[in-house]
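*Asks:* Below are the structure tokens for one structure; questions will follow.
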Amino acid sequence: AEFTVPPNNGRMNSPPHIEKANIPMERGGYLIYGTAHMHTGVINATLYGQDGRTLYTSKPTYGKGKEPGNEKGYVVGMSGSYPKLGSIKIKDGEIVTVEARYKSGFRTGTMGHMYIYLADRLPENTYKPNHMDYSLELTWFDHKS
């Protein structure tokens with residue numbers, strides 16, 4: 001969603017500008033990764049489950065230099081989330097909420113894009129010490145001329 005943050009008319013300590021979007025998840029799954037794409041002025045972006053639980057929050061990294069990829073005052077990255085496998089499940093039909101928080105003050109072209117990767121099932125075999133993770137079958141052929 002792209003939106004404009006309205007001017008704060010010079011007020012100091014203005015509250016952040018918050019935009020929310022409710023998104024029905026036709027198909028759910030286990031959250032395995034999440035991140036956001038935001039623009040300068042962002043405070044953070046959070047994804048909430050239908051019951052209000054926080055699924056993850058993505059925070060910006062602002063550049064501090066002059067070189068490409070580290071431009072001072074610009075968002076040069078957003079944090080990602082790798083939750084513990086199986087710890088966060090989004091149900092089929094669940095409505096999730098994307099919340100974008102920006103510093104107050106006029107900005108155009110701001111956005112609140114979130115990217116999530118879901119697994120439809122958990123792996124059946126997880127690593128266990130002293131457990132053979134694979135089997136290997138060798139067949140020997142004796143070739144005689």
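Chain labels A, B, ... are given in the sequence in which chains occur in the structure tokens; within each chain residues are numbered consecutively from 1, and ligands are likewise numbered from 1 in the order shown.
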If you run DSSP on the backbone here, which positions in chain A get strand (DSSP E)? Please write them as a compact mmCIF listing (two decimals) with N, CA and C atoms, in the first residue's frame.

*Replies:*
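Output file part.txt follows:
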```txt
# COMPACT_ATOMS: atom_id res chain seq x y z
N GLU A 2 0.64 2.15 -0.91
CA GLU A 2 1.38 3.41 -0.94
C GLU A 2 0.49 4.50 -0.39
N PHE A 3 1.08 5.37 0.42
CA PHE A 3 0.30 6.42 1.05
C PHE A 3 1.15 7.65 1.31
N THR A 4 0.50 8.74 1.69
CA THR A 4 1.16 10.00 2.02
C THR A 4 1.04 10.24 3.52
N VAL A 5 2.15 10.59 4.15
CA VAL A 5 2.13 10.97 5.56
C VAL A 5 1.84 12.46 5.60
N HIS A 17 2.92 8.36 12.44
CA HIS A 17 1.81 8.13 11.52
C HIS A 17 1.71 6.62 11.33
N ILE A 18 0.52 6.07 11.52
CA ILE A 18 0.32 4.62 11.43
C ILE A 18 -0.71 4.31 10.34
N GLU A 19 -0.34 3.41 9.47
CA GLU A 19 -1.26 2.89 8.45
C GLU A 19 -1.41 1.40 8.67
N LYS A 20 -2.63 0.88 8.53
CA LYS A 20 -2.89 -0.54 8.70
C LYS A 20 -3.67 -1.09 7.52
N ALA A 21 -3.43 -2.35 7.22
CA ALA A 21 -4.19 -3.04 6.19
C ALA A 21 -4.48 -4.45 6.68
N ASN A 22 -5.73 -4.87 6.56
CA ASN A 22 -6.13 -6.23 6.92
C ASN A 22 -6.11 -7.08 5.67
N ILE A 23 -5.43 -8.22 5.76
CA ILE A 23 -5.26 -9.08 4.59
C ILE A 23 -5.75 -10.49 4.90
N PRO A 24 -6.79 -10.96 4.21
CA PRO A 24 -7.24 -12.34 4.44
C PRO A 24 -6.27 -13.33 3.79
N GLY A 29 -0.19 -21.27 6.86
CA GLY A 29 0.99 -22.12 6.96
C GLY A 29 1.87 -21.67 8.10
N TYR A 30 3.03 -22.30 8.20
CA TYR A 30 4.00 -21.97 9.24
C TYR A 30 4.92 -20.87 8.73
N LEU A 31 5.04 -19.79 9.50
CA LEU A 31 5.89 -18.68 9.11
C LEU A 31 7.35 -19.10 9.23
N ILE A 32 8.08 -19.04 8.13
CA ILE A 32 9.49 -19.40 8.17
C ILE A 32 10.40 -18.19 7.91
N TYR A 33 9.86 -17.11 7.33
CA TYR A 33 10.65 -15.90 7.12
C TYR A 33 9.72 -14.73 6.86
N GLY A 34 10.11 -13.57 7.34
CA GLY A 34 9.36 -12.36 7.07
C GLY A 34 10.27 -11.15 7.06
N THR A 35 9.96 -10.18 6.23
CA THR A 35 10.68 -8.90 6.18
C THR A 35 9.74 -7.86 5.58
N ALA A 36 10.21 -6.62 5.51
CA ALA A 36 9.40 -5.53 4.97
C ALA A 36 10.23 -4.71 3.99
N HIS A 37 9.53 -3.98 3.13
CA HIS A 37 10.16 -3.00 2.24
C HIS A 37 9.51 -1.66 2.59
N VAL A 42 10.62 5.59 8.08
CA VAL A 42 9.98 4.45 8.74
C VAL A 42 10.54 4.25 10.15
N ILE A 43 9.66 3.85 11.04
CA ILE A 43 10.06 3.45 12.39
C ILE A 43 10.12 1.93 12.43
N ASN A 44 9.05 1.28 11.98
CA ASN A 44 9.02 -0.18 11.86
C ASN A 44 7.76 -0.61 11.13
N ALA A 45 7.69 -1.90 10.87
CA ALA A 45 6.51 -2.51 10.28
C ALA A 45 6.26 -3.80 11.05
N THR A 46 5.00 -4.05 11.39
CA THR A 46 4.67 -5.23 12.18
C THR A 46 3.54 -5.99 11.53
N LEU A 47 3.62 -7.31 11.60
CA LEU A 47 2.56 -8.18 11.12
C LEU A 47 1.91 -8.82 12.34
N TYR A 48 0.56 -8.67 12.43
CA TYR A 48 -0.21 -9.21 13.55
C TYR A 48 -1.12 -10.32 13.06
N THR A 54 1.64 -10.62 17.91
CA THR A 54 2.65 -10.11 16.99
C THR A 54 3.34 -11.30 16.33
N LEU A 55 3.29 -11.33 15.00
CA LEU A 55 3.96 -12.40 14.27
C LEU A 55 5.43 -12.05 14.04
N TYR A 56 5.70 -10.80 13.68
CA TYR A 56 7.07 -10.30 13.63
C TYR A 56 7.06 -8.81 13.39
N THR A 57 8.17 -8.18 13.73
CA THR A 57 8.38 -6.76 13.48
C THR A 57 9.68 -6.59 12.70
N SER A 58 9.62 -5.80 11.65
CA SER A 58 10.80 -5.50 10.83
C SER A 58 11.22 -4.06 11.11
N PRO A 60 14.15 -0.77 10.48
CA PRO A 60 15.06 -0.27 9.45
C PRO A 60 16.51 -0.14 9.93
N THR A 61 17.39 -0.15 8.95
CA THR A 61 18.78 0.26 9.14
C THR A 61 18.97 1.48 8.26
N TYR A 62 19.41 2.58 8.86
CA TYR A 62 19.64 3.81 8.10
C TYR A 62 21.11 3.94 7.79
N VAL A 75 16.96 4.65 4.20
CA VAL A 75 16.81 3.25 4.60
C VAL A 75 17.66 2.40 3.65
N VAL A 76 18.60 1.66 4.23
CA VAL A 76 19.47 0.80 3.42
C VAL A 76 19.21 -0.68 3.68
N GLY A 77 18.29 -0.96 4.58
CA GLY A 77 17.93 -2.35 4.87
C GLY A 77 16.81 -2.43 5.88
N MET A 78 16.14 -3.56 5.89
CA MET A 78 15.10 -3.85 6.87
C MET A 78 15.42 -5.22 7.47
N LYS A 89 2.08 -20.13 13.45
CA LYS A 89 1.23 -20.68 12.40
C LYS A 89 0.11 -19.69 12.08
N ILE A 90 -0.08 -19.45 10.80
CA ILE A 90 -1.18 -18.64 10.31
C ILE A 90 -2.20 -19.63 9.74
N ILE A 95 -7.20 -13.55 9.06
CA ILE A 95 -6.98 -12.19 8.59
C ILE A 95 -5.80 -11.62 9.36
N VAL A 96 -4.70 -11.35 8.66
CA VAL A 96 -3.52 -10.75 9.29
C VAL A 96 -3.54 -9.25 9.05
N THR A 97 -2.90 -8.51 9.93
CA THR A 97 -2.85 -7.06 9.83
C THR A 97 -1.41 -6.59 9.66
N VAL A 98 -1.18 -5.81 8.62
CA VAL A 98 0.11 -5.17 8.38
C VAL A 98 0.01 -3.76 8.94
N GLU A 99 0.96 -3.40 9.79
CA GLU A 99 0.99 -2.05 10.37
C GLU A 99 2.33 -1.41 10.03
N ALA A 100 2.27 -0.25 9.39
CA ALA A 100 3.47 0.53 9.04
C ALA A 100 3.49 1.79 9.91
N ARG A 101 4.63 2.02 10.57
CA ARG A 101 4.80 3.22 11.41
C ARG A 101 5.88 4.10 10.81
N TYR A 102 5.50 5.36 10.57
CA TYR A 102 6.44 6.35 10.04
C TYR A 102 6.52 7.53 11.00
N ARG A 107 5.44 13.31 3.89
CA ARG A 107 6.19 12.42 3.01
C ARG A 107 5.21 11.85 1.99
N THR A 108 5.66 11.75 0.76
CA THR A 108 4.83 11.10 -0.27
C THR A 108 5.50 9.79 -0.65
N GLY A 109 4.73 8.90 -1.24
CA GLY A 109 5.28 7.64 -1.74
C GLY A 109 5.74 6.70 -0.65
N THR A 110 5.25 6.89 0.56
CA THR A 110 5.62 5.93 1.61
C THR A 110 4.81 4.66 1.40
N MET A 111 5.30 3.60 1.96
CA MET A 111 4.63 2.32 1.74
C MET A 111 4.80 1.39 2.91
N HIS A 113 5.08 -2.50 2.61
CA HIS A 113 5.10 -3.82 1.98
C HIS A 113 5.73 -4.83 2.93
N MET A 114 5.09 -5.96 3.11
CA MET A 114 5.65 -7.03 3.92
C MET A 114 5.72 -8.28 3.07
N TYR A 115 6.78 -9.03 3.27
CA TYR A 115 6.99 -10.26 2.53
C TYR A 115 7.09 -11.40 3.54
N ILE A 116 6.32 -12.45 3.33
CA ILE A 116 6.39 -13.59 4.22
C ILE A 116 6.53 -14.87 3.39
N TYR A 117 7.21 -15.82 3.98
CA TYR A 117 7.33 -17.15 3.40
C TYR A 117 6.68 -18.12 4.38
N LEU A 118 5.76 -18.94 3.86
CA LEU A 118 5.06 -19.90 4.69
C LEU A 118 5.35 -21.31 4.19
N ALA A 119 5.44 -22.24 5.13
CA ALA A 119 5.56 -23.66 4.79
C ALA A 119 4.22 -24.31 5.09
```

*Asks:* For a test of reading the model, state the distance in Å between CA of Glu94 in chain A and CA of Arg53 in chain A, rounded to one decimal.

*Replies:* 12.3 Å

*Asks:* Mind pulling up the distance from CA of Lys91 in chain A to CA of Met25 in chain A?

*Replies:* 7.7 Å
